[in-house]
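Data first, discussion second: the structure below is written as C-alpha cells.
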Amino acid sequence: MMADDNNVMYLGNPTNTIKILEKYGFSFQKKYGQNFLIDSNIIKKIVQESGVKKEDFVLEIGPGIGTMTQILCENAREVVAVEIDKKLIPILTQDTLSFYDNVTIINEDILKLDINKLILEHNEGKPIKVVANLPYYITTPIIMGLFESHVPLESITIMVQKEVADRMQVGPGTKDYGALSLAVQYYANPQIVLTVPASCFMPRPNVDSAVIKLTCHHKPPVSVKNEKFMFDIIRASFNQRRKTMTNSVVNANLGITKEQLLTALEQCGLKSTVRGEALTLQQFAQLSNELSSMLSNL
C-alpha cells in the first residue's frame, strides 16, 4: 500500500538519514556490519531490478532504518522485514514505516527464523522474492541457508561486496571460482545488475558493492543422486585448492578411498591430476553420482 507522500520522510539521502539517526540517538554497530544506503536512485533501481510487483510477497533481510523497505512497501502486496538489531525496531515501527499497512517487522536473526513457516502463513507456501542489503560478513551463510532449507523462492536480489558477487557468477579456471560459485549456480541463475560505489553508503565501507539477482531454477540444471554428498565433494575440492582432487577429496574424511576416486575420475574422463577448480557443475554431478553408486554397492 502506498503511503501518503505528504507524511513520509524518504530516507534515500544523507540529510534525512542523519535526521533519523540523531532523533533516536542511534549509533552503528560494527558487529552487525551496518551500512545504510543514502542514494535514492540506487534504491529505486534495486527494487526495479528485483521485479517486485503489486501481487508479490517480499522478504527483506536487514532493513536497517527502512530506507529500501519504504520503496518495497509501495511496490509489493506485502513485505516482511527481518532486523536483528533491536535498537532499530522503534525507528521502523514508530517512525519510518509507520505509514505503511502492508509491512511486518520481525526482530530476529534471519539464520534462526523458520522462513518456510513464515511463507506458509503469509504467502500460502508459494514462492517469494527476497530483497536485501546484506552485511558482508554473513552473506554466504544467509544465501546458502535460504537455498539449503529449500525455501520456496522466485528470486533473491541482494547487495553484496563486489568480489562476492563476482564469485557467484564465474566459471571454472578462474581464481574466484569456488564452492560458492557452484552452489549458487546449482540453485539459481546469477546476474550482476548494478555496481554500487562505497560513497552511496553511510558509514562508507572500504569496498565497492554490487547488486546481484539470483533467479531460482525450477529444477537444478544437473541431475544428482545425493545433493549433500556432491557439495561435500565440492567443498573438499576447494578447501585445498592447490592440491589435486586425489589428495584433497581423499583427505576429507568422506569415506572415499584413493582407488575409488581414481576409478570415478577415469569413468568421467578426467585425469588423476585434475584440480577441483577445473571441473564444471556438470562434471561434479557426474563424479558425485559415480562415487555414490560405488559406495552404495559396497
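Every chain in the C-alpha cells has a letter given in the order shown (A, B, ...), and although residue numbers restart at 1 in each chain, ligands are simply numbered from 1 in the order shown.
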Using only C-alpha atoms, find each residue in range 8-27 of chain A having at least one atom no more than 10 Å away from range 94-113 of chain A; report its shortest atom-to-atom pair and that distance in Å (one decimal), rows by chain then rising number, as a tab-separated table.
```
residue	atom	partner	partner_atom	distance
A:Val8	CA	A:Phe99	CA	7.0
A:Met9	CA	A:Thr96	CA	7.1
A:Tyr10	CA	A:Thr96	CA	7.9
A:Leu11	CA	A:Thr96	CA	8.1
A:Ile20	CA	A:Thr96	CA	8.5
```
Would you put the residues from that selection into a file with N, CA and C atoms, as a PDB file, in the first residue's frame?
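Listed below is the output, result.pdb:
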```
ATOM      1  N   VAL A   8       5.302  10.840   4.516  1.00  0.00           N
ATOM      2  CA  VAL A   8       6.516  10.019   4.539  1.00  0.00           C
ATOM      3  C   VAL A   8       7.769  10.870   4.364  1.00  0.00           C
ATOM      4  N   MET A   9       8.746  10.591   5.246  1.00  0.00           N
ATOM      5  CA  MET A   9      10.053  11.198   5.039  1.00  0.00           C
ATOM      6  C   MET A   9      10.939  10.116   4.434  1.00  0.00           C
ATOM      7  N   TYR A  10      11.182  10.235   3.124  1.00  0.00           N
ATOM      8  CA  TYR A  10      12.003   9.227   2.454  1.00  0.00           C
ATOM      9  C   TYR A  10      13.457   9.349   2.894  1.00  0.00           C
ATOM     10  N   LEU A  11      14.084   8.182   3.045  1.00  0.00           N
ATOM     11  CA  LEU A  11      15.403   8.154   3.680  1.00  0.00           C
ATOM     12  C   LEU A  11      16.573   8.068   2.713  1.00  0.00           C
ATOM     13  N   ILE A  20      17.101  11.104  11.178  1.00  0.00           N
ATOM     14  CA  ILE A  20      16.512   9.966  11.901  1.00  0.00           C
ATOM     15  C   ILE A  20      17.494   9.389  12.919  1.00  0.00           C
TER      16      ILE A  20
END
```
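With only C-alpha atoms taken into account, the protein and nucleic acid residues at most 8 Å from range 245-257 of chain A (excluding it and anything under 6 positions from it in its own chain) are Asp232, Ile233, Ala236, Ser237, Phe238, Asn239, Ser272, Thr273, Val274, Arg275, Gly276 and Leu291 of chain A.
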What would the file look like if the residues just selected were written as a compact mmCIF listing (two decimals), in the first residue's frame with N, CA and C atoms?
```txt
# COMPACT_ATOMS: atom_id res chain seq x y z
N ASP A 232 29.63 -31.92 -0.43
CA ASP A 232 30.76 -32.33 0.42
C ASP A 232 32.02 -32.48 -0.43
N ILE A 233 31.86 -33.10 -1.62
CA ILE A 233 32.98 -33.29 -2.54
C ILE A 233 33.48 -31.94 -3.06
N ALA A 236 35.35 -30.10 -0.28
CA ALA A 236 36.66 -30.74 -0.07
C ALA A 236 37.64 -30.35 -1.18
N SER A 237 37.14 -30.26 -2.41
CA SER A 237 37.99 -29.92 -3.56
C SER A 237 38.58 -28.52 -3.47
N PHE A 238 37.81 -27.61 -2.85
CA PHE A 238 38.26 -26.21 -2.78
C PHE A 238 38.89 -25.84 -1.44
N ASN A 239 38.78 -26.73 -0.44
CA ASN A 239 39.42 -26.45 0.85
C ASN A 239 40.93 -26.39 0.70
N SER A 272 43.87 -38.05 -13.39
CA SER A 272 44.10 -38.26 -11.95
C SER A 272 44.71 -37.03 -11.29
N THR A 273 45.30 -36.14 -12.11
CA THR A 273 45.97 -34.94 -11.57
C THR A 273 45.05 -33.71 -11.57
N VAL A 274 43.78 -33.91 -11.90
CA VAL A 274 42.86 -32.76 -12.03
C VAL A 274 42.62 -32.08 -10.67
N ARG A 275 42.45 -30.75 -10.72
CA ARG A 275 42.10 -29.98 -9.52
C ARG A 275 40.62 -29.60 -9.59
N GLY A 276 40.03 -29.38 -8.43
CA GLY A 276 38.61 -29.04 -8.36
C GLY A 276 38.24 -27.82 -9.18
N LEU A 291 30.59 -41.92 -7.63
CA LEU A 291 31.05 -42.31 -6.29
C LEU A 291 29.89 -42.80 -5.43
```
Name all residues at most 8 Å from Thr195 in chain A (count only C-alpha atoms; drop same-chain ones fewer than 5 positions away) and give them as a PDB file with N, CA and C atoms, in the first residue's frame.
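To be explicit, this is the file written out as part-v5.pdb:
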```pdb
ATOM      1  N   LYS A 162      31.403  -6.484  -3.897  1.00  0.00           N
ATOM      2  CA  LYS A 162      31.520  -6.737  -5.334  1.00  0.00           C
ATOM      3  C   LYS A 162      32.269  -8.035  -5.643  1.00  0.00           C
ATOM      4  N   ASP A 208      33.735  -1.470  -2.774  1.00  0.00           N
ATOM      5  CA  ASP A 208      32.531  -1.238  -3.569  1.00  0.00           C
ATOM      6  C   ASP A 208      31.616  -2.453  -3.481  1.00  0.00           C
ATOM      7  N   SER A 209      30.356  -2.224  -3.793  1.00  0.00           N
ATOM      8  CA  SER A 209      29.361  -3.285  -3.705  1.00  0.00           C
ATOM      9  C   SER A 209      28.753  -3.558  -5.070  1.00  0.00           C
ATOM     10  N   ALA A 210      28.012  -4.628  -5.150  1.00  0.00           N
ATOM     11  CA  ALA A 210      27.282  -4.937  -6.381  1.00  0.00           C
ATOM     12  C   ALA A 210      25.936  -5.539  -6.002  1.00  0.00           C
ATOM     13  N   VAL A 211      24.951  -5.305  -6.845  1.00  0.00           N
ATOM     14  CA  VAL A 211      23.643  -5.939  -6.662  1.00  0.00           C
ATOM     15  C   VAL A 211      23.599  -7.108  -7.631  1.00  0.00           C
TER      16      VAL A 211
END
```
Fewer than 6 positions away in the same chain doesn't count, so skip those; otherwise give me all residues within 7 Å of Ala76 in chain A, counting only C-alpha atoms, as a short mmCIF file (atom, residue, chain, number, x, y, z; two decimals) with N, CA and C atoms, in the first residue's frame.
```
data_model
loop_
_atom_site.label_atom_id
_atom_site.label_comp_id
_atom_site.auth_asym_id
_atom_site.auth_seq_id
_atom_site.Cartn_x
_atom_site.Cartn_y
_atom_site.Cartn_z
N VAL A 52 9.82 -6.72 -8.33
CA VAL A 52 8.70 -6.78 -7.38
C VAL A 52 7.46 -6.12 -7.99
N LYS A 53 6.35 -6.87 -7.91
CA LYS A 53 5.07 -6.36 -8.44
C LYS A 53 4.02 -6.31 -7.35
N LYS A 54 2.89 -5.72 -7.68
CA LYS A 54 1.81 -5.48 -6.70
C LYS A 54 1.31 -6.76 -6.03
N GLU A 55 1.40 -7.89 -6.73
CA GLU A 55 0.88 -9.13 -6.13
C GLU A 55 1.91 -9.88 -5.30
N ASP A 56 3.14 -9.36 -5.20
CA ASP A 56 4.24 -10.10 -4.58
C ASP A 56 4.32 -9.96 -3.06
N PHE A 57 4.77 -11.07 -2.44
CA PHE A 57 5.17 -11.06 -1.05
C PHE A 57 6.70 -10.99 -1.04
N VAL A 58 7.24 -10.04 -0.30
CA VAL A 58 8.70 -9.83 -0.28
C VAL A 58 9.25 -10.02 1.13
#
```
Contacts of Val130 in chain A within 12 Å, only C-alpha atoms, excl. fewer than 2 positions in-chain, as a count of residues only:
47
All alpha helix (DSSP H) positions in range 103-184 of chain A, as an MDAnalysis selection string:
chainID A and resid 115:123 139:148 162:169 179:184
Quick one: pick out all strand (DSSP E) residues within range 17-256 of chain A from a backbone DSSP run and write them as a PyMOL selection string.
chain A and resi 36-37+57-61+78-83+103-107+128-133+153-161+188-196+201-202+209-216
Go ahead and write the residues just picked, C-alpha atoms, as a compact mmCIF listing (two decimals), in the first residue's frame.
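What landed in selection-v2.txt:
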```txt
# COMPACT_ATOMS: atom_id res chain seq x y z
CA PHE A 36 22.84 2.35 5.21
CA LEU A 37 22.13 3.35 1.61
CA PHE A 57 5.17 -11.06 -1.05
CA VAL A 58 8.70 -9.83 -0.28
CA LEU A 59 11.08 -10.87 2.46
CA GLU A 60 13.61 -8.15 3.24
CA ILE A 61 16.64 -9.14 5.29
CA GLU A 78 3.18 -7.39 1.50
CA VAL A 79 6.65 -7.01 3.00
CA VAL A 80 8.14 -8.83 5.97
CA ALA A 81 11.33 -7.12 7.17
CA VAL A 82 13.62 -9.12 9.46
CA GLU A 83 16.00 -6.99 11.54
CA VAL A 103 4.66 -4.37 6.39
CA THR A 104 5.51 -6.71 9.29
CA ILE A 105 8.73 -6.08 11.21
CA ILE A 106 10.35 -9.05 12.94
CA ASN A 107 13.20 -8.58 15.41
CA ILE A 128 8.59 -15.42 -2.67
CA LYS A 129 11.05 -12.71 -3.66
CA VAL A 130 13.91 -11.87 -1.29
CA VAL A 131 15.49 -8.41 -1.40
CA ALA A 132 18.35 -7.41 0.89
CA ASN A 133 21.34 -5.17 1.51
CA LEU A 153 11.96 -18.81 -3.83
CA GLU A 154 11.33 -16.98 -7.06
CA SER A 155 14.41 -14.77 -6.83
CA ILE A 156 16.94 -13.24 -4.45
CA THR A 157 18.11 -9.70 -5.25
CA ILE A 158 20.92 -8.72 -2.93
CA MET A 159 23.56 -6.09 -2.40
CA VAL A 160 26.87 -7.75 -1.56
CA GLN A 161 30.58 -6.99 -1.65
CA ALA A 188 19.89 -20.19 -9.48
CA ASN A 189 20.96 -18.15 -12.48
CA PRO A 190 23.17 -15.31 -11.12
CA GLN A 191 23.40 -11.93 -12.85
CA ILE A 192 25.10 -8.76 -11.61
CA VAL A 193 22.63 -5.95 -12.32
CA LEU A 194 24.29 -2.97 -10.68
CA THR A 195 27.64 -1.84 -9.28
CA VAL A 196 27.39 0.49 -6.26
CA PHE A 201 26.59 4.28 1.96
CA MET A 202 26.70 5.67 5.47
CA SER A 209 29.36 -3.28 -3.70
CA ALA A 210 27.28 -4.94 -6.38
CA VAL A 211 23.64 -5.94 -6.66
CA ILE A 212 23.25 -9.48 -7.92
CA LYS A 213 19.95 -11.08 -8.88
CA LEU A 214 19.68 -14.83 -8.38
CA THR A 215 16.74 -16.13 -10.43
CA CYS A 216 15.95 -19.53 -8.97
```
Name the residues in contact with Pro203 in chain A at a cut-off of 12 Å, using only C-alpha atoms, excluding same-chain residues fewer than 2 positions from it; report them as a PyMOL selection string.
chain A and resi 14+17-18+21+27-30+33-38+198-201+205-207
Selection near Lys219 in chain A, 10 Å with only C-alpha atoms, sequence-local residues under 4 positions removed, as a PyMOL selection string
chain A and resi 186-188+223
